[in-house]
Amino acid sequence: MGLFSKRKTIFVDSDILVIGGGMAGCGATYESRYWGRDLNIVCVEKANIERSGAVAQGLYAINCYMGMQWDENQPEDHVRYARNDLMGLVREDLGYDIARHVDSCVHKFEEWGLPMMRDPETGRYQREGKWQIMIHGESYKPIVAEAARKAATEVYNRIMVTHLLMDKTKANRVAGAVGFNVRTGDFYVFRAKAVIVCAGGASHIFKPRAVGEGMGRTWYAPWSSASAYALPILAGAKMTQMENRIVLTRFKDGYGPVGAYFLHLKTYTENAYGKEYESTWYENTKSLVGDYVDRHPVPTCLRNHAFLEEVKAGRGPIRMVTKEAFQDPHKETVGWENFLGMTIGQAVVWASQNIDPKYTNPELTTSEPYVMGSHATCSGAWASGPEDIAPDDYQWGYNRMMTVDGLFGAGDTIGGSAHKFSSGSFTEGRLAAKAAVNYIKDLGGDSPEVSEQEYEDLKKTVFKPLENYAVGRNEIVAGTVSPSYLLPMHGLQRLEKLMDEYVGGISANYITNEPLLTRGLDLLEMLKEDIEYLGAEDLHQLQRAWELHHRVLASECVAHHTLFRKETRWPGYYYRGDHPKLDDEDWHCLTLSSRDRESGDWAMEKAPMHNIID
Amino acid sequence: MPTFVYMTRCDGCGHCVDICPSDIMHIDKTYRRALNIEPNMCWECYSCVKACPQNAIDARGYSDFAPLGHSVRVLREEEKGTISWKLKFRNGTEKNFVSPIRTTPWDSIKSPSDYDAPSQEALKTQELAHEPEALNIEALPVLSVDKRKEGAS
């Protein structure tokens with residue numbers, strides 16, 4: 001067993017362990033230090049917190065800002081907006097909580113040096129839309145990371161966390177995490193009193209439209225590998241709304257954002273023949289979802305639905321009418337800088353194809369589905385709400401604590417709090433951190449303890465793909481085809497294909513049903529067995545192997561949730577062909593899943609949907 | 001567009017390796033220079049391009065949908081606090097943009113420990129650090145029981 005004996009194990013003790021140094025993780029790290037002056041606060045990140053997470057390349061807007069100082073919006077308004085957009089199903093307590101705090105985070109970003117655009121007439125932040133403000137955010141992430149670095153006892157970059165550790169004596173209590181350094185190959189055992197999971201949501205669980213070089217140009221970052229879900233699921237935490245995947249209408253191929261175009265530049269869409277098409281599908285949509293189609297603004301999924309129906313009717317491509325707006329040089333600059341600030345690849349696509357929106361109306365497309373918790377969707381862990389406003393059904397302990405003691409989450413990790421975006425994810429990290437400090441103070445001397453047996457077993461598991469490869473490669477002459485192991489990319493492509501075909505991806509027109517889902521789960525089961533035989537040539541591939549493990553587990557959860565909800569709640573995101581209509585009588589509720597830690601069996605249940613805002 | 005590295009400009013410093021969020025910029029063992037080992041896991045985020053002191057990294061649009069002949073170059077200057085872009089279309093059209101990236105000196109953010117320590121009572125409230133002052137309103141909004149629609153305890 002030379003492979004293991006040479007490997008160093010490094011122990012890191014902390015009071016609070018923050019997993020993932022994106023927006024949520026930086027918020028959690030900062031707030032942990034503010035309240036826990038004497039605490040040992042560790043942030044661990046798979047990449048480098050200077051440029052990690054979904055905000056790595058920057059943002060041109062902050063999409064969640066109330067503007068309470070100017071009485072622009074109140075937290076209640078944001079709850080109504082998010083609830084409406086998600087077809088009635090959100091955790092209003094969590095959403096309200098983020099909305100009432102988010103402005104203070106944004107004001108700190110400005111104080112720290114983030115360049116905010118201002119309305120020359122009012123002097124207020126430049127509004128892009130009702131909730132969005134415009135920024136020069138190329139360095140949004142490095143700025144926020146600087147604040148987190150100042151706050152942390154230590155930031156560990158380039159460590160991929162693979163599993164959480166449980167307390168030796170209390171079965172449902174977290175005690176830390178394990179992972180490996182992708183540069184040195186050292187095994188890390190993080191022992192902590194509280195853990196805040198701030199990892200990323202899931203790209204690349206459904207087959208992307210581009211499968212060549214361009215498969216990296218997914219809408220959500222390719223490094224968002226579902227650790228946000230896999231880590232809590234493995235620890236036995238309940239998950240919610242995991243069926244609520246999101247499909248984005250975006251500029252073709254580069255997935256460049258449309259928000260500034262619609263809201264600020266006032267561009268609009270038309271079909272291939274220059275006609276408005278959304279009204280064409282009004283009656284069709286109404287027959288599926290009833291009065292939800294009459295709500296304002298029209299929910300994101302329903303606008304997707306009209307787009308999809310129009311394309312199916314043979315009148316695609318759908319285009320964004322930019323030629324008028326781009327005659328204004330200021331608007332033209334905003335249009336381009338919007339991409340350069342957050343989706344550079346779209347600028348590259350347009351430059352390469354000679355698409356100048358001043359002269360050409362660019363094509364739009366609908367993306368492959370993604371599972372995440374911070375955009376116009378709210379998949380994630382089932383978390384306890386804020387003490388002062390959460391209904392009893394949503395409150396069992398500390399704010400943002402999951403159903404596992406000491407395990408907190410924020411950002412993509414926490415379900416139910418849609419439309420938090422970058423600023424709301426940072427805010428949620430702060431909320432989780434303050435609660436975690438309280439949790440630790442209340443623990444007193446009752447600290448969790450890790451089991452040597454558990455982390456030693458995990459050490460073998462974590463490095464197994466290296467061993468599989470080292471042994472199996474001698475069986476074949478050369479190349480990528482082996483009877484003994486699969487490469488991580490092989491497993492990823494099998495996952496993407498089966499999720500696409502059976503769980504409602506692009507090639508199935510986002511449609512699935514019970515027979516398809518049942519078959520998909522069978523195939524997932526076989527994939528789960530096969531990924532025990534992943535082969536990793538080096539530490540980079542070992543990272544890919546564990547990203548795949550996390551994606552597969554999250555996908556399994558998505559499939560179970562999709563099977564459980566027997567209605568089509570969000571047409572335009574996905575369709576249950578066998579239950580094509582929205583069904584408020586039976587399904588105006590949240591869905592919960594839990595996976596048994598020993599057997600791996602899934603259990604589904606409904607949770608009541610409480611409206612705390614009228 | 002996946003990134004690539006010019007042989008004559010790269011000196012193997014490894015800044016790109018250090019920053020890449022996707023862990024795909026590695027040092028080639030033979031040439032001792034950087035390369036993109038997994039172009040189909042590149043998000044074209046330009047983190048490596050911006051970080052390269054030699055301007056040795058560029059990007060070529062994804063082969064499956066981007067015709068050749070374009071370029072999108074960037075210069076990020078931390079001291080000046082700006083980022084400058086030069087776009088060249090396949091047909092030769094050029095566009096240039098400059099944006100600010102930061103309004104304060106780098107490394108000027110205060111640690112939360114530099115603020116007065118909060119009281120034990122404050123720890124039990126709903127207020128986060130710097131609130132309510134940082135909200136720029138008088139007090140943190142609360143949803144009193146009489147304003148709640150249902151589920152109040």
# chains A, B, ... in the order shown; residues from 1 in each chain; ligands from 1

call {"tool": "interface_residues", "arguments": {"of": "chain A", "to": "chain B", "cutoff": "6 Å", "atoms": "only C-alpha atoms", "output": "PyMOL selection string"}}
result
chain A and resi 34+47-48+52+57+69+103-104+112-115+138-139+150-151+212-217+223+345+349+351-352+354+391+612-614

call {"tool": "write_last_selection", "arguments": {"atoms": "C-alpha atoms", "output": "CSV table (one decimal), in the first residue's frame"}}
result
chain,number,residue,atom,x,y,z
A,34,TYR,CA,-16.4,40.1,13.5
A,47,ALA,CA,-9.0,27.1,-6.4
A,48,ASN,CA,-7.7,30.5,-5.2
A,52,SER,CA,-12.9,31.6,-7.4
A,57,GLN,CA,-14.4,36.9,-13.9
A,69,GLN,CA,-32.0,54.4,2.1
A,103,ASP,CA,-28.0,46.8,1.5
A,104,SER,CA,-25.4,46.9,4.3
A,112,TRP,CA,-13.9,48.6,0.2
A,113,GLY,CA,-13.4,50.0,-3.3
A,114,LEU,CA,-15.9,48.5,-5.7
A,115,PRO,CA,-16.7,51.1,-8.3
A,138,GLU,CA,-14.0,43.4,-12.9
A,139,SER,CA,-12.4,43.2,-9.5
A,150,LYS,CA,-8.0,39.9,6.4
A,151,ALA,CA,-10.6,38.1,8.6
A,212,GLY,CA,-16.4,20.2,-28.2
A,213,GLU,CA,-14.0,22.8,-26.9
A,214,GLY,CA,-17.0,24.9,-26.1
A,215,MET,CA,-18.3,22.7,-23.4
A,216,GLY,CA,-16.4,24.8,-21.0
A,217,ARG,CA,-18.5,27.8,-22.0
A,223,TRP,CA,-15.9,24.6,-11.6
A,345,GLY,CA,-16.6,34.7,-24.1
A,349,VAL,CA,-18.1,35.0,-30.1
A,351,ALA,CA,-16.0,39.4,-32.6
A,352,SER,CA,-15.3,36.0,-34.3
A,354,ASN,CA,-18.6,39.7,-37.0
A,391,PRO,CA,-42.6,29.9,11.1
A,612,ILE,CA,-45.5,35.2,5.9
A,613,ILE,CA,-45.8,38.2,3.6
A,614,ASP,CA,-49.2,39.0,2.1

call {"tool": "residues_around", "arguments": {"residues": "range 7-13 of chain B", "least_positions_apart": "3", "cutoff": "10 Å", "atoms": "only C-alpha atoms", "output": "number ranges by chain"}}
result
B: 4, 16-18, 26-28, 31-35, 52-57

call {"tool": "write_last_selection", "arguments": {"atoms": "N, CA and C atoms", "output": "PDB file, in the first residue's frame"}}
result
ATOM      1  N   PHE B   4      -4.433  29.992 -24.620  1.00  0.00           N
ATOM      2  CA  PHE B   4      -3.197  29.316 -25.025  1.00  0.00           C
ATOM      3  C   PHE B   4      -2.046  30.247 -24.665  1.00  0.00           C
ATOM      4  N   CYS B  16      -0.307  32.106 -13.691  1.00  0.00           N
ATOM      5  CA  CYS B  16      -1.557  31.587 -14.262  1.00  0.00           C
ATOM      6  C   CYS B  16      -1.966  30.286 -13.583  1.00  0.00           C
ATOM      7  N   VAL B  17      -0.964  29.473 -13.264  1.00  0.00           N
ATOM      8  CA  VAL B  17      -1.231  28.205 -12.585  1.00  0.00           C
ATOM      9  C   VAL B  17      -1.857  28.492 -11.217  1.00  0.00           C
ATOM     10  N   ASP B  18      -1.324  29.518 -10.589  1.00  0.00           N
ATOM     11  CA  ASP B  18      -1.756  29.875  -9.251  1.00  0.00           C
ATOM     12  C   ASP B  18      -3.186  30.410  -9.219  1.00  0.00           C
ATOM     13  N   HIS B  26      -1.232  24.667 -16.416  1.00  0.00           N
ATOM     14  CA  HIS B  26      -0.157  23.886 -15.786  1.00  0.00           C
ATOM     15  C   HIS B  26       1.174  24.228 -16.463  1.00  0.00           C
ATOM     16  N   ILE B  27       2.264  23.828 -15.831  1.00  0.00           N
ATOM     17  CA  ILE B  27       3.585  24.041 -16.429  1.00  0.00           C
ATOM     18  C   ILE B  27       3.988  22.768 -17.181  1.00  0.00           C
ATOM     19  N   ASP B  28       4.295  22.937 -18.427  1.00  0.00           N
ATOM     20  CA  ASP B  28       4.725  21.797 -19.234  1.00  0.00           C
ATOM     21  C   ASP B  28       6.100  21.331 -18.751  1.00  0.00           C
ATOM     22  N   TYR B  31       8.943  21.897 -21.632  1.00  0.00           N
ATOM     23  CA  TYR B  31       9.284  23.264 -22.045  1.00  0.00           C
ATOM     24  C   TYR B  31       9.387  24.244 -20.883  1.00  0.00           C
ATOM     25  N   ARG B  32       8.984  23.822 -19.685  1.00  0.00           N
ATOM     26  CA  ARG B  32       9.029  24.678 -18.499  1.00  0.00           C
ATOM     27  C   ARG B  32       8.244  25.969 -18.703  1.00  0.00           C
ATOM     28  N   ARG B  33       7.201  25.878 -19.473  1.00  0.00           N
ATOM     29  CA  ARG B  33       6.329  27.024 -19.700  1.00  0.00           C
ATOM     30  C   ARG B  33       4.892  26.568 -19.488  1.00  0.00           C
ATOM     31  N   ALA B  34       3.984  27.555 -19.378  1.00  0.00           N
ATOM     32  CA  ALA B  34       2.596  27.220 -19.062  1.00  0.00           C
ATOM     33  C   ALA B  34       1.840  26.729 -20.291  1.00  0.00           C
ATOM     34  N   LEU B  35       0.813  25.930 -20.047  1.00  0.00           N
ATOM     35  CA  LEU B  35      -0.117  25.550 -21.108  1.00  0.00           C
ATOM     36  C   LEU B  35      -1.483  25.260 -20.503  1.00  0.00           C
ATOM     37  N   CYS B  52      -1.054  37.403 -16.134  1.00  0.00           N
ATOM     38  CA  CYS B  52       0.251  37.111 -16.749  1.00  0.00           C
ATOM     39  C   CYS B  52       1.116  38.366 -16.858  1.00  0.00           C
ATOM     40  N   PRO B  53       2.273  38.395 -16.197  1.00  0.00           N
ATOM     41  CA  PRO B  53       3.131  39.590 -16.252  1.00  0.00           C
ATOM     42  C   PRO B  53       3.794  39.769 -17.620  1.00  0.00           C
ATOM     43  N   GLN B  54       3.840  38.717 -18.414  1.00  0.00           N
ATOM     44  CA  GLN B  54       4.507  38.784 -19.724  1.00  0.00           C
ATOM     45  C   GLN B  54       3.524  38.982 -20.878  1.00  0.00           C
ATOM     46  N   ASN B  55       2.250  39.122 -20.581  1.00  0.00           N
ATOM     47  CA  ASN B  55       1.215  39.162 -21.631  1.00  0.00           C
ATOM     48  C   ASN B  55       1.382  37.992 -22.602  1.00  0.00           C
ATOM     49  N   ALA B  56       1.701  36.849 -22.032  1.00  0.00           N
ATOM     50  CA  ALA B  56       2.004  35.681 -22.874  1.00  0.00           C
ATOM     51  C   ALA B  56       0.775  34.830 -23.163  1.00  0.00           C
ATOM     52  N   ILE B  57      -0.351  35.146 -22.496  1.00  0.00           N
ATOM     53  CA  ILE B  57      -1.535  34.294 -22.665  1.00  0.00           C
ATOM     54  C   ILE B  57      -2.591  35.022 -23.484  1.00  0.00           C
TER      55      ILE B  57
END

call {"tool": "closest_residue", "arguments": {"among": "A:Ala237, A:Met134, A:Val90, A:Ala148", "to": "Glu50 in chain A", "atoms": "only C-alpha atoms"}}
result
A:Ala148

call {"tool": "select_by_dssp", "arguments": {"residues": "range 80-229 of chain A", "states": "strand (DSSP E)", "output": "VMD selection string"}}
result
chain A and resid 133 to 137 154 to 156 159 to 166 174 to 181 187 to 197

call {"tool": "select_by_dssp", "arguments": {"residues": "range 351-571 of chain A", "states": "helix (DSSP H, G or I)", "output": "NGL selection string"}}
result
:A and (351-352 or 392-394 or 411-413 or 421-443 or 452-475 or 488-502 or 506-508 or 514-533 or 539-564)

call {"tool": "atom_distance", "arguments": {"atom1": "CA of Ala175 in chain A", "atom2": "CA of Lys441 in chain A"}}
result
15.6 Å

call {"tool": "residues_around", "arguments": {"residues": "Asp58 in chain B", "least_positions_apart": "4", "cutoff": "7 Å", "atoms": "only C-alpha atoms", "output": "PyMOL selection string"}}
result
chain B and resi 3-5+49

call {"tool": "atom_distance", "arguments": {"atom1": "CA of Gly27 in chain A", "atom2": "CA of Asn63 in chain A"}}
result
16.6 Å

call {"tool": "atom_distance", "arguments": {"atom1": "CA of Lys286 in chain A", "atom2": "CA of Glu309 in chain A"}}
result
13.5 Å

call {"tool": "residues_around", "arguments": {"residues": "Ala194 in chain A", "least_positions_apart": "3", "cutoff": "10 Å", "atoms": "only C-alpha atoms", "output": "PyMOL selection string"}}
result
chain A and resi 14-18+41+173-176+191+197+401+405-408+433+435-437+439-440+447-448

call {"tool": "closest_residue", "arguments": {"among": "A:Arg250, A:Arg597, A:Lys6, A:His588", "to": "Leu164 in chain A", "atoms": "only C-alpha atoms"}}
result
A:Arg597

call {"tool": "closest_residue", "arguments": {"among": "A:Ile19, A:Met166, A:Asp393, A:Pro232", "to": "Arg595 in chain A", "atoms": "only C-alpha atoms"}}
result
A:Pro232

call {"tool": "decode", "arguments": {"residues": "range 42-153 of chain B", "atoms": "C-alpha atoms", "output": "PDB file, in the first residue's frame"}}
result
ATOM      1  CA  CYS B  42     -11.994  26.657 -19.758  1.00  0.00           C
ATOM      2  CA  TRP B  43     -14.695  29.250 -18.993  1.00  0.00           C
ATOM      3  CA  GLU B  44     -12.723  31.966 -20.796  1.00  0.00           C
ATOM      4  CA  CYS B  45     -12.777  33.919 -17.558  1.00  0.00           C
ATOM      5  CA  TYR B  46      -9.448  35.526 -18.470  1.00  0.00           C
ATOM      6  CA  SER B  47      -8.126  35.231 -14.912  1.00  0.00           C
ATOM      7  CA  CYS B  48      -4.862  33.815 -16.281  1.00  0.00           C
ATOM      8  CA  VAL B  49      -4.663  36.359 -19.098  1.00  0.00           C
ATOM      9  CA  LYS B  50      -5.054  39.209 -16.617  1.00  0.00           C
ATOM     10  CA  ALA B  51      -2.521  37.705 -14.223  1.00  0.00           C
ATOM     11  CA  CYS B  52       0.251  37.111 -16.749  1.00  0.00           C
ATOM     12  CA  PRO B  53       3.131  39.590 -16.252  1.00  0.00           C
ATOM     13  CA  GLN B  54       4.507  38.784 -19.724  1.00  0.00           C
ATOM     14  CA  ASN B  55       1.215  39.162 -21.631  1.00  0.00           C
ATOM     15  CA  ALA B  56       2.004  35.681 -22.874  1.00  0.00           C
ATOM     16  CA  ILE B  57      -1.535  34.294 -22.665  1.00  0.00           C
ATOM     17  CA  ASP B  58      -4.201  34.873 -25.248  1.00  0.00           C
ATOM     18  CA  ALA B  59      -7.432  33.183 -26.194  1.00  0.00           C
ATOM     19  CA  ARG B  60      -8.748  31.733 -29.415  1.00  0.00           C
ATOM     20  CA  GLY B  61     -12.519  31.309 -29.604  1.00  0.00           C
ATOM     21  CA  TYR B  62     -13.886  27.807 -29.065  1.00  0.00           C
ATOM     22  CA  SER B  63     -13.290  25.784 -32.207  1.00  0.00           C
ATOM     23  CA  ASP B  64     -16.854  24.454 -32.295  1.00  0.00           C
ATOM     24  CA  PHE B  65     -18.505  27.829 -32.875  1.00  0.00           C
ATOM     25  CA  ALA B  66     -15.993  30.675 -33.181  1.00  0.00           C
ATOM     26  CA  PRO B  67     -14.468  31.359 -36.628  1.00  0.00           C
ATOM     27  CA  LEU B  68     -10.794  32.358 -36.613  1.00  0.00           C
ATOM     28  CA  GLY B  69      -9.385  35.835 -37.089  1.00  0.00           C
ATOM     29  CA  HIS B  70     -10.651  37.616 -33.959  1.00  0.00           C
ATOM     30  CA  SER B  71      -8.923  38.764 -30.825  1.00  0.00           C
ATOM     31  CA  VAL B  72      -9.961  40.088 -27.433  1.00  0.00           C
ATOM     32  CA  ARG B  73      -6.949  41.450 -25.571  1.00  0.00           C
ATOM     33  CA  VAL B  74      -6.854  42.865 -22.080  1.00  0.00           C
ATOM     34  CA  LEU B  75      -4.529  44.911 -19.891  1.00  0.00           C
ATOM     35  CA  ARG B  76      -5.330  45.041 -16.188  1.00  0.00           C
ATOM     36  CA  GLU B  77      -3.356  47.695 -14.321  1.00  0.00           C
ATOM     37  CA  GLU B  78      -3.806  47.501 -10.569  1.00  0.00           C
ATOM     38  CA  GLU B  79      -1.752  50.649  -9.838  1.00  0.00           C
ATOM     39  CA  LYS B  80      -3.871  52.691 -12.218  1.00  0.00           C
ATOM     40  CA  GLY B  81      -7.027  50.928 -11.118  1.00  0.00           C
ATOM     41  CA  THR B  82      -8.167  50.281 -14.685  1.00  0.00           C
ATOM     42  CA  ILE B  83      -8.800  47.520 -17.149  1.00  0.00           C
ATOM     43  CA  SER B  84      -8.427  48.120 -20.890  1.00  0.00           C
ATOM     44  CA  TRP B  85      -9.887  45.946 -23.639  1.00  0.00           C
ATOM     45  CA  LYS B  86      -9.146  45.789 -27.337  1.00  0.00           C
ATOM     46  CA  LEU B  87     -11.524  43.811 -29.526  1.00  0.00           C
ATOM     47  CA  LYS B  88     -10.718  42.893 -33.092  1.00  0.00           C
ATOM     48  CA  PHE B  89     -13.418  41.362 -35.271  1.00  0.00           C
ATOM     49  CA  ARG B  90     -12.765  38.804 -37.993  1.00  0.00           C
ATOM     50  CA  ASN B  91     -13.578  41.570 -40.486  1.00  0.00           C
ATOM     51  CA  GLY B  92     -11.064  43.946 -38.945  1.00  0.00           C
ATOM     52  CA  THR B  93     -13.462  46.115 -36.934  1.00  0.00           C
ATOM     53  CA  GLU B  94     -11.833  47.321 -33.742  1.00  0.00           C
ATOM     54  CA  LYS B  95     -13.393  48.428 -30.477  1.00  0.00           C
ATOM     55  CA  ASN B  96     -11.667  49.693 -27.339  1.00  0.00           C
ATOM     56  CA  PHE B  97     -13.003  49.996 -23.804  1.00  0.00           C
ATOM     57  CA  VAL B  98     -11.515  51.159 -20.504  1.00  0.00           C
ATOM     58  CA  SER B  99     -13.180  50.675 -17.100  1.00  0.00           C
ATOM     59  CA  PRO B 100     -12.207  51.365 -13.496  1.00  0.00           C
ATOM     60  CA  ILE B 101     -11.610  48.311 -11.302  1.00  0.00           C
ATOM     61  CA  ARG B 102     -11.138  49.759  -7.853  1.00  0.00           C
ATOM     62  CA  THR B 103     -11.537  53.102  -6.097  1.00  0.00           C
ATOM     63  CA  THR B 104      -9.340  52.427  -3.051  1.00  0.00           C
ATOM     64  CA  PRO B 105      -5.696  51.306  -2.690  1.00  0.00           C
ATOM     65  CA  TRP B 106      -5.144  47.555  -2.790  1.00  0.00           C
ATOM     66  CA  ASP B 107      -4.771  46.011   0.644  1.00  0.00           C
ATOM     67  CA  SER B 108      -6.620  48.921   2.282  1.00  0.00           C
ATOM     68  CA  ILE B 109      -9.623  46.976   3.605  1.00  0.00           C
ATOM     69  CA  LYS B 110      -9.819  46.829   7.378  1.00  0.00           C
ATOM     70  CA  SER B 111     -10.040  43.501   9.136  1.00  0.00           C
ATOM     71  CA  PRO B 112     -13.265  43.050  11.079  1.00  0.00           C
ATOM     72  CA  SER B 113     -11.002  42.801  14.155  1.00  0.00           C
ATOM     73  CA  ASP B 114     -10.047  46.459  13.662  1.00  0.00           C
ATOM     74  CA  TYR B 115     -13.545  47.512  14.660  1.00  0.00           C
ATOM     75  CA  ASP B 116     -14.621  47.738  18.299  1.00  0.00           C
ATOM     76  CA  ALA B 117     -15.608  44.321  19.597  1.00  0.00           C
ATOM     77  CA  PRO B 118     -19.381  43.835  19.714  1.00  0.00           C
ATOM     78  CA  SER B 119     -21.145  43.166  23.010  1.00  0.00           C
ATOM     79  CA  GLN B 120     -22.512  39.797  24.061  1.00  0.00           C
ATOM     80  CA  GLU B 121     -26.018  41.264  23.837  1.00  0.00           C
ATOM     81  CA  ALA B 122     -25.408  42.292  20.226  1.00  0.00           C
ATOM     82  CA  LEU B 123     -24.488  38.709  19.405  1.00  0.00           C
ATOM     83  CA  LYS B 124     -28.046  37.681  20.284  1.00  0.00           C
ATOM     84  CA  THR B 125     -29.729  40.228  18.015  1.00  0.00           C
ATOM     85  CA  GLN B 126     -30.548  39.955  14.319  1.00  0.00           C
ATOM     86  CA  GLU B 127     -28.084  42.712  13.409  1.00  0.00           C
ATOM     87  CA  LEU B 128     -24.986  41.854  11.404  1.00  0.00           C
ATOM     88  CA  ALA B 129     -21.616  43.589  11.675  1.00  0.00           C
ATOM     89  CA  HIS B 130     -21.753  47.352  11.092  1.00  0.00           C
ATOM     90  CA  GLU B 131     -25.538  47.406  11.308  1.00  0.00           C
ATOM     91  CA  PRO B 132     -27.671  49.388  11.543  1.00  0.00           C
ATOM     92  CA  GLU B 133     -25.207  52.163  10.489  1.00  0.00           C
ATOM     93  CA  ALA B 134     -24.143  50.449   7.259  1.00  0.00           C
ATOM     94  CA  LEU B 135     -27.772  50.094   6.159  1.00  0.00           C
ATOM     95  CA  ASN B 136     -28.035  53.905   5.924  1.00  0.00           C
ATOM     96  CA  ILE B 137     -31.447  53.684   7.539  1.00  0.00           C
ATOM     97  CA  GLU B 138     -32.389  54.042  11.181  1.00  0.00           C
ATOM     98  CA  ALA B 139     -32.886  50.429  12.103  1.00  0.00           C
ATOM     99  CA  LEU B 140     -32.864  46.932  10.685  1.00  0.00           C
ATOM    100  CA  PRO B 141     -36.334  46.162   9.289  1.00  0.00           C
ATOM    101  CA  VAL B 142     -38.349  43.710  11.337  1.00  0.00           C
ATOM    102  CA  LEU B 143     -41.494  41.875  10.461  1.00  0.00           C
ATOM    103  CA  SER B 144     -43.606  42.261  13.561  1.00  0.00           C
ATOM    104  CA  VAL B 145     -46.076  39.525  14.436  1.00  0.00           C
ATOM    105  CA  ASP B 146     -49.074  41.632  13.420  1.00  0.00           C
ATOM    106  CA  LYS B 147     -47.555  42.182   9.973  1.00  0.00           C
ATOM    107  CA  ARG B 148     -47.027  38.494   9.343  1.00  0.00           C
ATOM    108  CA  LYS B 149     -49.556  36.658   7.275  1.00  0.00           C
ATOM    109  CA  GLU B 150     -49.348  33.217   8.876  1.00  0.00           C
ATOM    110  CA  GLY B 151     -47.140  30.741  10.668  1.00  0.00           C
ATOM    111  CA  ALA B 152     -46.075  33.186  13.361  1.00  0.00           C
ATOM    112  CA  SER B 153     -45.194  31.656  16.673  1.00  0.00           C
TER     113      SER B 153
END
